[in-house]
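Dropping model.cif in here (mmCIF, C-alpha atoms):
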```cif
data_query
#
loop_
_atom_site.label_atom_id
_atom_site.label_comp_id
_atom_site.auth_asym_id
_atom_site.auth_seq_id
_atom_site.Cartn_x
_atom_site.Cartn_y
_atom_site.Cartn_z
CA MET A 1 56.94 -47.29 -102.98
CA GLU A 2 55.02 -47.40 -106.23
CA PHE A 3 56.27 -46.37 -109.62
CA ILE A 4 54.20 -43.48 -110.96
CA ASP A 5 53.56 -43.23 -114.68
CA TYR A 6 53.64 -39.47 -115.16
CA TYR A 7 52.66 -39.77 -118.83
CA LYS A 8 49.56 -41.64 -117.84
CA VAL A 9 48.73 -39.02 -115.21
CA LEU A 10 48.77 -36.34 -117.90
CA GLU A 11 47.06 -38.68 -120.39
CA LEU A 12 49.97 -38.50 -122.82
CA ASN A 13 52.13 -40.83 -124.90
CA LYS A 14 55.74 -41.25 -123.99
CA GLY A 15 57.01 -39.23 -126.92
CA ALA A 16 54.82 -36.20 -126.21
CA ALA A 17 56.23 -32.84 -127.28
CA ASP A 18 56.78 -30.05 -124.75
CA ALA A 19 53.82 -28.08 -126.10
CA GLU A 20 51.55 -31.11 -125.68
CA ILE A 21 52.67 -31.54 -122.07
CA LYS A 22 51.93 -27.90 -121.32
CA LYS A 23 48.53 -28.16 -122.96
CA ALA A 24 47.63 -31.37 -121.17
CA TYR A 25 48.74 -29.94 -117.84
CA ARG A 26 46.63 -26.81 -118.24
CA ARG A 27 43.62 -28.78 -119.43
CA LEU A 28 43.74 -31.11 -116.41
CA ALA A 29 44.62 -28.31 -114.00
CA ARG A 30 41.51 -26.42 -115.08
CA LYS A 31 39.51 -29.50 -114.26
CA TYR A 32 41.05 -30.37 -110.89
CA HIS A 33 42.47 -27.11 -109.52
CA PRO A 34 41.50 -26.73 -105.82
CA ASP A 35 40.28 -23.18 -106.47
CA LEU A 36 37.66 -24.62 -108.79
CA ASN A 37 36.86 -27.63 -106.58
CA PRO A 38 36.38 -26.25 -103.09
CA ASN A 39 36.31 -28.82 -100.27
CA ASP A 40 36.97 -31.69 -102.64
CA ALA A 41 39.77 -33.90 -101.36
CA THR A 42 39.69 -36.20 -104.41
CA ALA A 43 40.20 -33.31 -106.81
CA LYS A 44 42.98 -31.93 -104.62
CA ASN A 45 44.75 -35.28 -104.69
CA LYS A 46 44.42 -35.52 -108.41
CA PHE A 47 45.71 -31.98 -108.80
CA GLN A 48 48.80 -32.83 -106.76
CA GLN A 49 49.53 -35.78 -109.03
CA ILE A 50 49.09 -33.60 -112.10
CA ASN A 51 51.39 -30.98 -110.63
CA GLU A 52 54.02 -33.56 -109.83
CA ALA A 53 53.83 -35.04 -113.30
CA ASN A 54 54.17 -31.58 -114.81
CA GLU A 55 57.09 -30.74 -112.53
CA VAL A 56 58.96 -33.72 -113.93
CA LEU A 57 57.90 -33.78 -117.56
CA SER A 58 58.18 -30.05 -118.21
CA ASP A 59 61.75 -29.96 -116.95
CA PRO A 60 64.07 -31.41 -119.64
CA GLU A 61 66.61 -32.71 -117.13
CA LYS A 62 64.09 -34.33 -114.83
CA ARG A 63 62.25 -35.80 -117.78
CA LYS A 64 65.46 -37.32 -119.11
CA LYS A 65 66.28 -38.86 -115.77
CA TYR A 66 62.74 -40.15 -115.41
CA ASP A 67 62.65 -41.63 -118.94
CA LEU A 68 65.97 -43.32 -118.36
CA HIS A 69 65.56 -44.66 -114.84
CA GLY A 70 61.96 -44.16 -113.88
CA SER A 71 60.52 -47.63 -114.30
CA GLU A 72 63.35 -49.47 -112.54
CA TRP A 73 63.81 -46.79 -109.90
CA LYS A 74 62.60 -49.06 -107.14
CA TYR A 75 65.77 -51.18 -107.48
CA GLN A 76 67.82 -48.19 -106.49
CA GLU A 77 65.63 -47.26 -103.61
CA GLY A 78 68.20 -48.18 -100.98
CA ALA A 79 70.74 -45.73 -102.30
CA SER A 80 68.30 -42.92 -102.80
CA ARG A 81 66.80 -43.16 -99.32
CA GLN A 82 70.06 -42.00 -97.88
CA GLU A 83 70.15 -39.08 -100.26
CA LYS A 84 66.67 -38.07 -99.24
CA LYS A 85 67.47 -38.17 -95.58
CA GLU A 86 70.41 -35.87 -95.90
CA GLY A 87 68.75 -33.43 -98.20
CA GLY A 88 65.45 -33.28 -96.35
CA HIS A 89 63.91 -30.01 -95.33
CA GLY A 90 62.29 -31.23 -92.15
CA GLN A 91 58.91 -30.30 -93.60
CA GLN A 92 57.30 -33.34 -92.04
CA GLY A 93 57.46 -32.02 -88.51
CA THR A 94 54.37 -29.85 -88.69
CA GLY A 95 52.07 -32.21 -86.86
CA SER A 96 49.43 -30.98 -84.54
CA SER A 97 48.41 -31.95 -81.09
CA GLY A 98 45.24 -31.50 -79.15
CA ARG A 99 42.21 -33.66 -78.73
CA GLY A 100 40.42 -34.74 -81.88
CA PHE A 101 42.29 -32.20 -83.91
CA SER A 102 43.48 -32.86 -87.39
CA ALA A 103 44.98 -30.36 -89.72
CA ASP A 104 46.17 -30.25 -93.27
CA TYR A 105 48.44 -27.45 -94.28
CA SER A 106 50.74 -28.16 -97.14
CA GLU A 107 49.54 -27.62 -100.65
CA SER A 108 52.19 -29.39 -102.62
CA ASP A 109 53.02 -32.73 -101.09
CA PHE A 110 54.94 -34.73 -103.59
CA SER A 111 54.96 -38.51 -103.59
CA ASP A 112 57.66 -40.72 -102.08
CA PHE A 113 58.51 -41.78 -105.59
CA PHE A 114 59.22 -38.18 -106.57
CA ALA A 115 61.19 -37.54 -103.39
CA SER A 116 63.39 -40.58 -103.85
CA MET A 117 64.10 -39.81 -107.47
CA PHE A 118 64.57 -36.08 -107.32
CA GLY A 119 65.22 -35.47 -103.62
CA GLY A 120 64.68 -31.87 -102.65
CA GLU A 121 64.84 -30.61 -106.20
CA SER A 122 61.27 -29.43 -106.38
CA GLY A 123 60.37 -25.86 -107.15
CA GLY A 124 61.95 -23.59 -109.66
CA GLY A 125 59.81 -25.02 -112.38
CA LYS A 126 57.03 -22.52 -111.98
CA GLY A 127 57.56 -18.87 -112.60
CA ARG A 128 55.05 -17.30 -110.30
CA HIS A 129 55.28 -18.40 -106.74
CA VAL A 130 55.34 -14.98 -105.20
CA LYS A 131 53.93 -15.11 -101.74
CA TYR A 132 52.38 -12.17 -100.04
CA ARG A 133 49.39 -13.19 -98.01
CA GLY A 134 50.02 -16.12 -95.68
CA GLN A 135 48.48 -19.50 -96.34
CA ASP A 136 45.14 -20.42 -94.82
CA PHE A 137 45.21 -23.33 -92.42
CA ASN A 138 42.30 -25.72 -92.39
CA ALA A 139 41.46 -27.85 -89.41
CA THR A 140 38.64 -30.02 -88.17
CA LEU A 141 37.62 -30.08 -84.55
CA ASN A 142 35.63 -33.11 -83.39
CA LEU A 143 33.23 -32.45 -80.56
CA ASP A 144 30.21 -34.07 -79.03
CA LEU A 145 26.85 -32.37 -78.70
CA LYS A 146 27.38 -32.28 -74.93
CA ASP A 147 30.60 -30.28 -75.37
CA ILE A 148 28.86 -27.47 -77.20
CA TYR A 149 25.90 -27.15 -74.84
CA SER A 150 27.88 -24.46 -73.08
CA THR A 151 30.51 -22.08 -74.38
CA ASN A 152 33.95 -23.40 -73.66
CA LYS A 153 37.50 -22.33 -74.10
CA GLN A 154 40.06 -24.66 -75.53
CA THR A 155 43.72 -24.30 -76.30
CA LEU A 156 44.79 -25.80 -79.58
CA THR A 157 48.27 -26.24 -80.91
CA VAL A 158 48.61 -25.41 -84.55
CA ASN A 159 52.05 -25.51 -86.12
CA GLY A 160 53.69 -25.23 -82.74
CA LYS A 161 51.73 -22.19 -81.71
CA SER A 162 49.11 -22.23 -79.00
CA ILE A 163 45.82 -20.67 -79.90
CA ARG A 164 43.18 -19.95 -77.30
CA LEU A 165 39.86 -20.61 -78.85
CA THR A 166 36.40 -19.85 -77.55
CA ILE A 167 33.85 -22.26 -78.91
CA PRO A 168 30.45 -20.60 -78.68
CA ALA A 169 27.64 -22.80 -77.43
CA GLY A 170 25.28 -23.98 -80.15
CA VAL A 171 27.67 -24.22 -83.10
CA GLU A 172 26.34 -26.33 -85.93
CA ASN A 173 27.76 -29.53 -87.29
CA GLY A 174 29.76 -28.63 -90.40
CA GLN A 175 30.00 -24.96 -89.46
CA THR A 176 33.32 -23.26 -90.09
CA ILE A 177 34.70 -20.43 -88.03
CA LYS A 178 37.49 -18.23 -89.28
CA ILE A 179 40.19 -17.05 -86.93
CA ILE A 180 41.69 -14.15 -88.74
CA GLY A 181 45.45 -13.88 -88.82
CA HIS A 182 46.19 -17.29 -87.31
CA GLY A 183 47.16 -18.95 -90.56
CA GLY A 184 50.57 -18.86 -92.23
CA GLU A 185 52.67 -15.74 -91.91
CA GLY A 186 52.49 -13.14 -94.63
CA VAL A 187 55.55 -12.24 -96.64
CA ASN A 188 56.87 -8.73 -97.28
CA GLY A 189 54.39 -7.11 -94.94
CA GLY A 190 51.47 -9.09 -96.33
CA PRO A 191 48.62 -10.10 -94.07
CA ASN A 192 48.72 -13.47 -92.32
CA GLY A 193 46.48 -16.23 -93.56
CA ASP A 194 43.48 -17.33 -91.55
CA LEU A 195 42.82 -20.42 -89.50
CA LEU A 196 39.60 -22.08 -90.60
CA ILE A 197 38.14 -24.50 -88.10
CA THR A 198 35.32 -26.76 -89.16
CA PHE A 199 33.29 -28.36 -86.40
CA SER A 200 32.36 -31.97 -86.73
CA ILE A 201 29.78 -32.69 -84.08
CA SER A 202 28.77 -36.17 -83.08
CA ASN A 203 25.78 -36.86 -80.92
CA SER A 204 25.97 -39.35 -78.06
CA THR A 205 22.87 -37.96 -76.35
CA LYS A 206 19.33 -39.31 -76.55
CA PHE A 207 18.15 -36.10 -78.17
CA LYS A 208 17.83 -35.29 -81.83
CA ARG A 209 18.96 -31.79 -82.63
CA GLU A 210 17.68 -29.48 -85.30
CA GLY A 211 19.21 -26.03 -84.96
CA ASN A 212 18.38 -25.06 -81.39
CA SER A 213 15.39 -27.39 -81.10
CA LEU A 214 15.78 -30.75 -79.41
CA TYR A 215 13.50 -33.74 -79.94
CA ARG A 216 12.99 -36.87 -77.96
CA ASP A 217 10.48 -39.72 -77.69
CA ILE A 218 9.60 -40.65 -74.13
CA ASP A 219 7.60 -43.63 -72.88
CA LEU A 220 4.43 -42.88 -70.93
CA ASN A 221 2.49 -45.52 -69.04
CA LEU A 222 -1.10 -46.13 -70.04
CA TYR A 223 -2.62 -45.16 -66.70
CA THR A 224 -0.91 -41.76 -66.56
CA ALA A 225 -1.93 -41.14 -70.16
CA VAL A 226 -5.55 -41.97 -69.40
CA LEU A 227 -5.91 -40.34 -65.99
CA GLY A 228 -3.37 -37.55 -66.28
CA GLY A 229 -0.67 -36.75 -63.78
CA GLU A 230 2.92 -35.65 -63.73
CA VAL A 231 6.16 -37.25 -64.89
CA THR A 232 9.77 -36.26 -64.41
CA ILE A 233 11.83 -36.37 -67.59
CA GLU A 234 15.49 -35.85 -68.36
CA THR A 235 16.43 -32.75 -70.30
CA ILE A 236 19.89 -32.25 -71.76
CA ASP A 237 21.20 -30.64 -68.57
CA GLY A 238 18.90 -31.87 -65.84
CA GLU A 239 15.37 -32.92 -65.05
CA VAL A 240 12.00 -31.29 -65.37
CA LYS A 241 8.50 -32.15 -64.19
CA VAL A 242 5.93 -32.26 -66.94
CA PRO A 243 2.18 -32.30 -66.30
CA ILE A 244 0.22 -34.86 -68.32
CA LYS A 245 -3.30 -34.03 -69.41
CA PRO A 246 -5.94 -36.72 -68.85
CA GLU A 247 -6.73 -38.73 -72.01
CA THR A 248 -3.41 -37.96 -73.65
CA GLN A 249 -3.21 -39.69 -77.04
CA ASN A 250 -0.25 -41.68 -78.34
CA ASN A 251 2.32 -39.60 -80.32
CA THR A 252 1.18 -36.37 -78.71
CA LYS A 253 3.94 -33.82 -78.95
CA VAL A 254 4.51 -31.28 -76.19
CA ARG A 255 6.80 -28.29 -76.34
CA LEU A 256 8.93 -27.45 -73.33
CA LYS A 257 9.91 -23.87 -73.81
CA GLY A 258 13.55 -22.99 -73.24
CA LYS A 259 14.59 -26.58 -72.58
CA GLY A 260 16.25 -27.02 -75.96
CA PHE A 261 19.71 -26.17 -77.22
CA PRO A 262 21.49 -22.83 -76.72
CA VAL A 263 21.02 -20.28 -79.49
CA TYR A 264 24.35 -19.64 -81.23
CA LYS A 265 26.02 -16.46 -80.00
CA LYS A 266 23.00 -15.39 -77.96
CA GLU A 267 23.94 -16.06 -74.41
CA GLY A 268 21.12 -17.14 -72.13
CA GLU A 269 18.75 -17.90 -75.01
CA PHE A 270 17.63 -21.44 -75.56
CA GLY A 271 15.48 -23.24 -78.08
CA ASP A 272 12.68 -25.62 -77.15
CA LEU A 273 12.51 -29.30 -76.33
CA TYR A 274 9.80 -31.31 -78.07
CA VAL A 275 8.74 -34.46 -76.31
CA THR A 276 6.66 -37.05 -78.13
CA TRP A 277 4.78 -39.40 -75.81
CA GLN A 278 4.98 -43.07 -76.63
CA ILE A 279 2.21 -44.73 -74.68
CA LYS A 280 3.12 -48.18 -73.40
CA ILE A 281 0.37 -50.75 -73.22
CA PRO A 282 0.84 -52.91 -70.13
CA THR A 283 1.91 -56.51 -70.69
CA SER A 284 1.77 -59.68 -68.53
CA LEU A 285 -1.65 -58.75 -67.20
CA SER A 286 -2.99 -60.66 -64.22
CA GLU A 287 -6.43 -62.33 -64.37
CA LYS A 288 -7.78 -59.56 -62.18
CA GLU A 289 -6.48 -56.87 -64.50
CA LYS A 290 -7.90 -58.66 -67.52
CA GLU A 291 -11.28 -58.74 -65.84
CA LEU A 292 -11.11 -55.02 -65.15
CA PHE A 293 -10.20 -54.24 -68.75
CA LYS A 294 -13.11 -56.39 -69.95
CA GLU A 295 -15.45 -54.47 -67.74
CA LEU A 296 -14.02 -51.20 -69.04
CA SER A 297 -14.43 -52.29 -72.62
CA LYS A 298 -18.10 -53.10 -71.97
CA SER A 299 -18.74 -49.67 -70.52
CA GLN A 300 -16.95 -48.06 -73.48
CA ALA A 301 -19.05 -50.06 -75.95
CA ASN A 302 -22.24 -48.88 -74.26
CA GLY A 303 -21.16 -45.28 -73.94
CA LYS A 304 -19.98 -44.59 -77.49
CA MET B 1 47.85 7.60 -95.98
CA GLU B 2 48.67 4.55 -93.90
CA ASN B 3 45.94 2.06 -93.25
CA GLU B 4 46.58 -1.54 -92.26
CA HIS B 5 43.49 -2.76 -94.09
CA LEU B 6 44.48 -1.24 -97.40
CA ILE B 7 47.20 -1.92 -99.92
CA THR B 8 47.91 0.14 -103.02
CA ILE B 9 47.28 -1.55 -106.34
CA GLU B 10 50.83 -0.73 -107.35
CA GLU B 11 52.35 -2.46 -104.35
CA PHE B 12 50.04 -5.44 -104.76
CA CYS B 13 50.97 -5.88 -108.41
CA THR B 14 54.68 -5.67 -107.67
CA HIS B 15 54.37 -8.47 -105.11
CA TYR B 16 52.54 -10.76 -107.48
CA GLY B 17 54.35 -9.75 -110.64
CA ILE B 18 51.17 -8.88 -112.49
CA GLU B 19 49.98 -5.96 -114.58
CA PRO B 20 47.80 -3.33 -112.86
CA SER B 21 45.55 -3.56 -115.92
CA PHE B 22 44.52 -7.02 -114.73
CA ILE B 23 43.24 -5.59 -111.45
CA HIS B 24 41.44 -2.81 -113.30
CA SER B 25 39.73 -5.38 -115.51
CA LEU B 26 38.55 -7.23 -112.40
CA VAL B 27 37.20 -3.94 -111.09
CA ASN B 28 35.39 -3.25 -114.36
CA PHE B 29 33.75 -6.65 -114.17
CA GLY B 30 32.62 -5.94 -110.62
CA LEU B 31 34.75 -8.77 -109.23
CA VAL B 32 36.89 -6.57 -107.01
CA GLU B 33 36.19 -3.33 -105.19
CA ILE B 34 38.70 -0.56 -104.80
CA THR B 35 38.95 2.31 -102.38
CA ILE B 36 40.19 5.65 -103.64
CA ILE B 37 41.82 7.98 -101.14
CA GLU B 38 43.38 11.18 -102.44
CA GLU B 39 43.57 9.78 -105.97
CA THR B 40 45.47 6.66 -104.89
CA HIS B 41 43.75 3.35 -105.63
CA TYR B 42 43.73 0.79 -102.84
CA LEU B 43 42.59 -2.80 -102.44
CA MET B 44 41.12 -4.05 -99.20
CA LYS B 45 43.38 -6.67 -97.64
CA HIS B 46 40.49 -9.03 -96.96
CA GLN B 47 39.99 -9.26 -100.71
CA VAL B 48 43.51 -10.55 -101.24
CA ILE B 49 42.49 -14.18 -100.89
CA ASP B 50 39.91 -13.85 -103.68
CA ILE B 51 42.20 -11.86 -105.92
CA GLU B 52 44.93 -14.48 -105.45
CA LYS B 53 42.48 -17.08 -106.70
CA MET B 54 41.66 -14.98 -109.74
CA ILE B 55 45.36 -14.44 -110.44
CA ARG B 56 45.89 -18.20 -110.40
CA MET B 57 42.91 -18.76 -112.68
CA HIS B 58 44.15 -16.20 -115.16
CA TYR B 59 47.91 -16.72 -115.16
CA ASP B 60 48.20 -20.41 -114.28
CA LEU B 61 45.09 -21.78 -115.93
CA ASP B 62 44.72 -19.42 -118.90
CA ILE B 63 41.17 -18.41 -118.04
CA ASN B 64 40.03 -15.03 -119.32
CA ILE B 65 38.13 -12.46 -117.25
CA GLU B 66 34.74 -13.50 -118.64
CA GLY B 67 35.55 -17.05 -117.59
CA ILE B 68 36.62 -15.89 -114.12
CA GLU B 69 33.37 -13.98 -113.77
CA ALA B 70 31.31 -17.06 -114.68
CA ILE B 71 33.37 -19.25 -112.35
CA SER B 72 32.95 -16.80 -109.47
CA HIS B 73 29.18 -17.00 -109.82
CA LEU B 74 29.27 -20.78 -109.97
CA LEU B 75 31.58 -21.03 -106.96
CA GLN B 76 29.19 -18.83 -105.01
CA LYS B 77 26.37 -21.13 -106.03
CA ILE B 78 28.34 -24.21 -104.95
CA SER B 79 29.06 -22.58 -101.61
CA ASP B 80 25.37 -21.79 -101.08
CA LEU B 81 24.39 -25.32 -102.06
CA GLN B 82 26.99 -26.82 -99.74
CA GLU B 83 25.63 -24.76 -96.89
CA GLU B 84 22.12 -25.93 -97.67
CA LEU B 85 23.31 -29.53 -97.95
CA THR B 86 24.99 -29.35 -94.52
CA PHE B 87 21.80 -27.92 -93.07
CA LEU B 88 19.68 -30.68 -94.60
CA LYS B 89 22.16 -33.39 -93.58
CA ASN B 90 21.96 -32.13 -90.00
CA ARG B 91 18.18 -32.38 -90.12
CA VAL B 92 18.22 -35.93 -91.38
CA ARG B 93 20.83 -37.41 -89.06
CA ASN B 94 19.90 -38.55 -85.63
#
```
Whole structure, structure tokens version:
Amino acid sequence: MEFIDYYKVLELNKGAADAEIKKAYRRLARKYHPDLNPNDATAKNKFQQINEANEVLSDPEKRKKYDLHGSEWKYQEGASRQEKKEGGHGQQGTGSSGRGFSADYSESDFSDFFASMFGGESGGGKGRHVKYRGQDFNATLNLDLKDIYSTNKQTLTVNGKSIRLTIPAGVENGQTIKIIGHGGEGVNGGPNGDLLITFSISNSTKFKREGNSLYRDIDLNLYTAVLGGEVTIETIDGEVKVPIKPETQNNTKVRLKGKGFPVYKKEGEFGDLYVTWQIKIPTSLSEKEKELFKELSKSQANGK
Amino acid sequence: MENEHLITIEEFCTHYGIEPSFIHSLVNFGLVEITIIEETHYLMKHQVIDIEKMIRMHYDLDINIEGIEAISHLLQKISDLQEELTFLKNRVRN
């Protein structure tokens, strides 16, 4: 457990007056407040430290205790641990289960240092903590591209409650869906908060995805490219036969309609698959083959 | 009139311990919409999350309404940019 210099956190000298503490707190809070720094974990962290520092330094009794014992508090850690255990609120037990699911609910996690020094004394310092609307819960769901090729239903456990969730096919990486009313409970008849699930989608397939289009490079042998023919290629959910035009050039792109990724929330609609042919020049040619190529090259030189 | 999507301004202000004049200022600045039914002023419950933010900005951070207005525009801009950034990141990654 590390000692935290609350004066340093608020950028103050040890003898700072109450008014200076208040001013410093507000100045830093305006800079790092989560409302003003959406989706910024660093700012949120910093804000929690500032809050904790303010909680201690703006309370005369806590400040006195901190000034007196703060720096050598670690020596008393053994004694205080016990105190913490008995006075704990059991707040830690809000873990979540479910595959690849991580959630982050609490807004005011104080440090171990704070907990060991002041136990469960937090709160009371701030005047306005009236709750009405429930808290929003944020969660990230990790999925693979294959998982979102079709719509699927999953049951997640959030704060001990099971939530049946339908994940529409074709969701985007980084997209957030809001499940209204599945956040924290409202107080005094207030509405519940929402559950916000952000999808983090990895891609273990051979396809590159852009919206509902899929892209893939596929090798094509020289003879098929020159003479034309038909090849069978893998799509994301099966195989398809693709005709090859004679004299197909390297890097030719063909569009396979409807063989791409599902269109979000439009059941039965699919994007396109774009295949780029990578023509492979044969290697380890036999003498006979070399001869034939030589002959070919002569005829080409005469013709064009 | 009972409606689960609406809450009277009076009731809202009592819960949060704020002055109704604050809400009216937000309305005047176009930051919040109200619904008037039979001369009673209501807030839509889905706006509560935004109003809570504005309450924190004003009462906890000492930001005046003009400041809140500017911040709201900037936050909207950040949100649009983040969306665009996600879109572009998805295009770049393989």
Do me a favour and pick out the residues of chain B within 10 Å of chain A, using only C-alpha atoms, as a ChimeraX atom specification. /B:4-5,7,12,14-18,45-46,48-50,52-54,56-57,59-63,71-72,74-75,78-79,82-83,85-94
Emit the selected residues as an mmCIF file, in the frame of the given file, including C-alpha atoms.
```
data_model
loop_
_atom_site.group_PDB
_atom_site.id
_atom_site.type_symbol
_atom_site.label_atom_id
_atom_site.label_comp_id
_atom_site.auth_asym_id
_atom_site.auth_seq_id
_atom_site.Cartn_x
_atom_site.Cartn_y
_atom_site.Cartn_z
ATOM 1 C CA GLU B 4 46.580 -1.540 -92.260
ATOM 2 C CA HIS B 5 43.490 -2.760 -94.090
ATOM 3 C CA ILE B 7 47.200 -1.920 -99.920
ATOM 4 C CA PHE B 12 50.040 -5.440 -104.760
ATOM 5 C CA THR B 14 54.680 -5.670 -107.670
ATOM 6 C CA HIS B 15 54.370 -8.470 -105.110
ATOM 7 C CA TYR B 16 52.540 -10.760 -107.480
ATOM 8 C CA GLY B 17 54.350 -9.750 -110.640
ATOM 9 C CA ILE B 18 51.170 -8.880 -112.490
ATOM 10 C CA LYS B 45 43.380 -6.670 -97.640
ATOM 11 C CA HIS B 46 40.490 -9.030 -96.960
ATOM 12 C CA VAL B 48 43.510 -10.550 -101.240
ATOM 13 C CA ILE B 49 42.490 -14.180 -100.890
ATOM 14 C CA ASP B 50 39.910 -13.850 -103.680
ATOM 15 C CA GLU B 52 44.930 -14.480 -105.450
ATOM 16 C CA LYS B 53 42.480 -17.080 -106.700
ATOM 17 C CA MET B 54 41.660 -14.980 -109.740
ATOM 18 C CA ARG B 56 45.890 -18.200 -110.400
ATOM 19 C CA MET B 57 42.910 -18.760 -112.680
ATOM 20 C CA TYR B 59 47.910 -16.720 -115.160
ATOM 21 C CA ASP B 60 48.200 -20.410 -114.280
ATOM 22 C CA LEU B 61 45.090 -21.780 -115.930
ATOM 23 C CA ASP B 62 44.720 -19.420 -118.900
ATOM 24 C CA ILE B 63 41.170 -18.410 -118.040
ATOM 25 C CA ILE B 71 33.370 -19.250 -112.350
ATOM 26 C CA SER B 72 32.950 -16.800 -109.470
ATOM 27 C CA LEU B 74 29.270 -20.780 -109.970
ATOM 28 C CA LEU B 75 31.580 -21.030 -106.960
ATOM 29 C CA ILE B 78 28.340 -24.210 -104.950
ATOM 30 C CA SER B 79 29.060 -22.580 -101.610
ATOM 31 C CA GLN B 82 26.990 -26.820 -99.740
ATOM 32 C CA GLU B 83 25.630 -24.760 -96.890
ATOM 33 C CA LEU B 85 23.310 -29.530 -97.950
ATOM 34 C CA THR B 86 24.990 -29.350 -94.520
ATOM 35 C CA PHE B 87 21.800 -27.920 -93.070
ATOM 36 C CA LEU B 88 19.680 -30.680 -94.600
ATOM 37 C CA LYS B 89 22.160 -33.390 -93.580
ATOM 38 C CA ASN B 90 21.960 -32.130 -90.000
ATOM 39 C CA ARG B 91 18.180 -32.380 -90.120
ATOM 40 C CA VAL B 92 18.220 -35.930 -91.380
ATOM 41 C CA ARG B 93 20.830 -37.410 -89.060
ATOM 42 C CA ASN B 94 19.900 -38.550 -85.630
#
```
Please compute the CA of Thr176 (chain A)-CA of Lys77 (chain B) distance, one decimal, in Å.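 The value is 17.5 Å.
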Non-local contacts of region 31-39 of chain B (10 Å; only C-alpha atoms; under 2 positions in same chain excluded) as JSON, numbers by chain: {"B": [1, 6, 7, 8, 9, 23, 24, 25, 26, 27, 28, 29, 41, 42, 43, 44, 47, 48, 50, 51, 54, 65, 68, 69, 72, 73]}
Kindly provide, as an NGL selection string, the polymer residues lying within 9 Å of (51.7, -34.2, -119.4), counting all atoms listed in the file and using the coordinates exactly as they appear in the file. :A and (6-13 or 16 or 18 or 20-25 or 50 or 53-54 or 57-58)
Translate the PyMOL selection byres ((chain A and resi 265-270) around 12) into a concrete residue list for this structure, as a list of chain:residue names.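 Those residues are A:Ile148, A:Tyr149, A:Ser150, A:Thr151, A:Thr166, A:Ile167, A:Pro168, A:Ala169, A:Gly170, A:Val171, A:Glu172, A:Gly211, A:Asn212, A:Ser213, A:Leu214, A:Ile236, A:Leu256, A:Lys257, A:Gly258, A:Lys259, A:Gly260, A:Phe261, A:Pro262, A:Val263, A:Tyr264, A:Gly271, A:Asp272, A:Leu273.
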For CA of Ser299 (chain A) and CA of Pro243 (chain A), the interatomic separation in Å (one decimal): 27.5 Å
Would you pick out the contacts of His182 (chain A) at 12 Å or less, using all atoms listed in the file, so that residues sharing its chain but fewer than 6 positions from it are not included, and give the list as a PyMOL selection string? chain A and resi 133-139+156-165+191-197
Can you measure CA of Asp147 (chain A) to CA of Ile179 (chain A) for me? One decimal in Å is fine.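 These two atoms are separated by 20.0 Å.
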Atoms added to region 196-207 of chain A (N, CA and C atoms), reported as a PDB file, keeping the file's coordinate frame:
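The new file selection13.pdb reads:
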```
ATOM      1  N   LEU A 196      41.001 -21.730 -90.402  1.00  0.00           N
ATOM      2  CA  LEU A 196      39.600 -22.080 -90.600  1.00  0.00           C
ATOM      3  C   LEU A 196      39.323 -23.380 -89.860  1.00  0.00           C
ATOM      4  N   ILE A 197      38.461 -23.302 -88.882  1.00  0.00           N
ATOM      5  CA  ILE A 197      38.140 -24.500 -88.100  1.00  0.00           C
ATOM      6  C   ILE A 197      36.718 -24.956 -88.409  1.00  0.00           C
ATOM      7  N   THR A 198      36.629 -26.192 -88.882  1.00  0.00           N
ATOM      8  CA  THR A 198      35.320 -26.760 -89.160  1.00  0.00           C
ATOM      9  C   THR A 198      34.935 -27.690 -88.019  1.00  0.00           C
ATOM     10  N   PHE A 199      33.738 -27.534 -87.511  1.00  0.00           N
ATOM     11  CA  PHE A 199      33.290 -28.360 -86.400  1.00  0.00           C
ATOM     12  C   PHE A 199      32.591 -29.607 -86.916  1.00  0.00           C
ATOM     13  N   SER A 200      33.026 -30.723 -86.414  1.00  0.00           N
ATOM     14  CA  SER A 200      32.360 -31.970 -86.730  1.00  0.00           C
ATOM     15  C   SER A 200      31.744 -32.466 -85.427  1.00  0.00           C
ATOM     16  N   ILE A 201      30.431 -32.428 -85.354  1.00  0.00           N
ATOM     17  CA  ILE A 201      29.780 -32.690 -84.080  1.00  0.00           C
ATOM     18  C   ILE A 201      29.031 -34.015 -84.082  1.00  0.00           C
ATOM     19  N   SER A 202      29.464 -34.885 -83.201  1.00  0.00           N
ATOM     20  CA  SER A 202      28.770 -36.170 -83.080  1.00  0.00           C
ATOM     21  C   SER A 202      27.728 -36.024 -81.975  1.00  0.00           C
ATOM     22  N   ASN A 203      26.845 -36.977 -81.899  1.00  0.00           N
ATOM     23  CA  ASN A 203      25.780 -36.860 -80.920  1.00  0.00           C
ATOM     24  C   ASN A 203      25.626 -38.160 -80.140  1.00  0.00           C
ATOM     25  N   SER A 204      26.082 -38.143 -78.893  1.00  0.00           N
ATOM     26  CA  SER A 204      25.970 -39.350 -78.060  1.00  0.00           C
ATOM     27  C   SER A 204      24.777 -39.219 -77.116  1.00  0.00           C
ATOM     28  N   THR A 205      24.004 -38.148 -77.254  1.00  0.00           N
ATOM     29  CA  THR A 205      22.870 -37.960 -76.350  1.00  0.00           C
ATOM     30  C   THR A 205      21.632 -38.663 -76.908  1.00  0.00           C
ATOM     31  N   LYS A 206      20.561 -38.660 -76.116  1.00  0.00           N
ATOM     32  CA  LYS A 206      19.330 -39.310 -76.550  1.00  0.00           C
ATOM     33  C   LYS A 206      18.461 -38.336 -77.345  1.00  0.00           C
ATOM     34  N   PHE A 207      18.958 -37.128 -77.502  1.00  0.00           N
ATOM     35  CA  PHE A 207      18.150 -36.100 -78.170  1.00  0.00           C
ATOM     36  C   PHE A 207      18.538 -35.970 -79.638  1.00  0.00           C
TER      37      PHE A 207
END
```
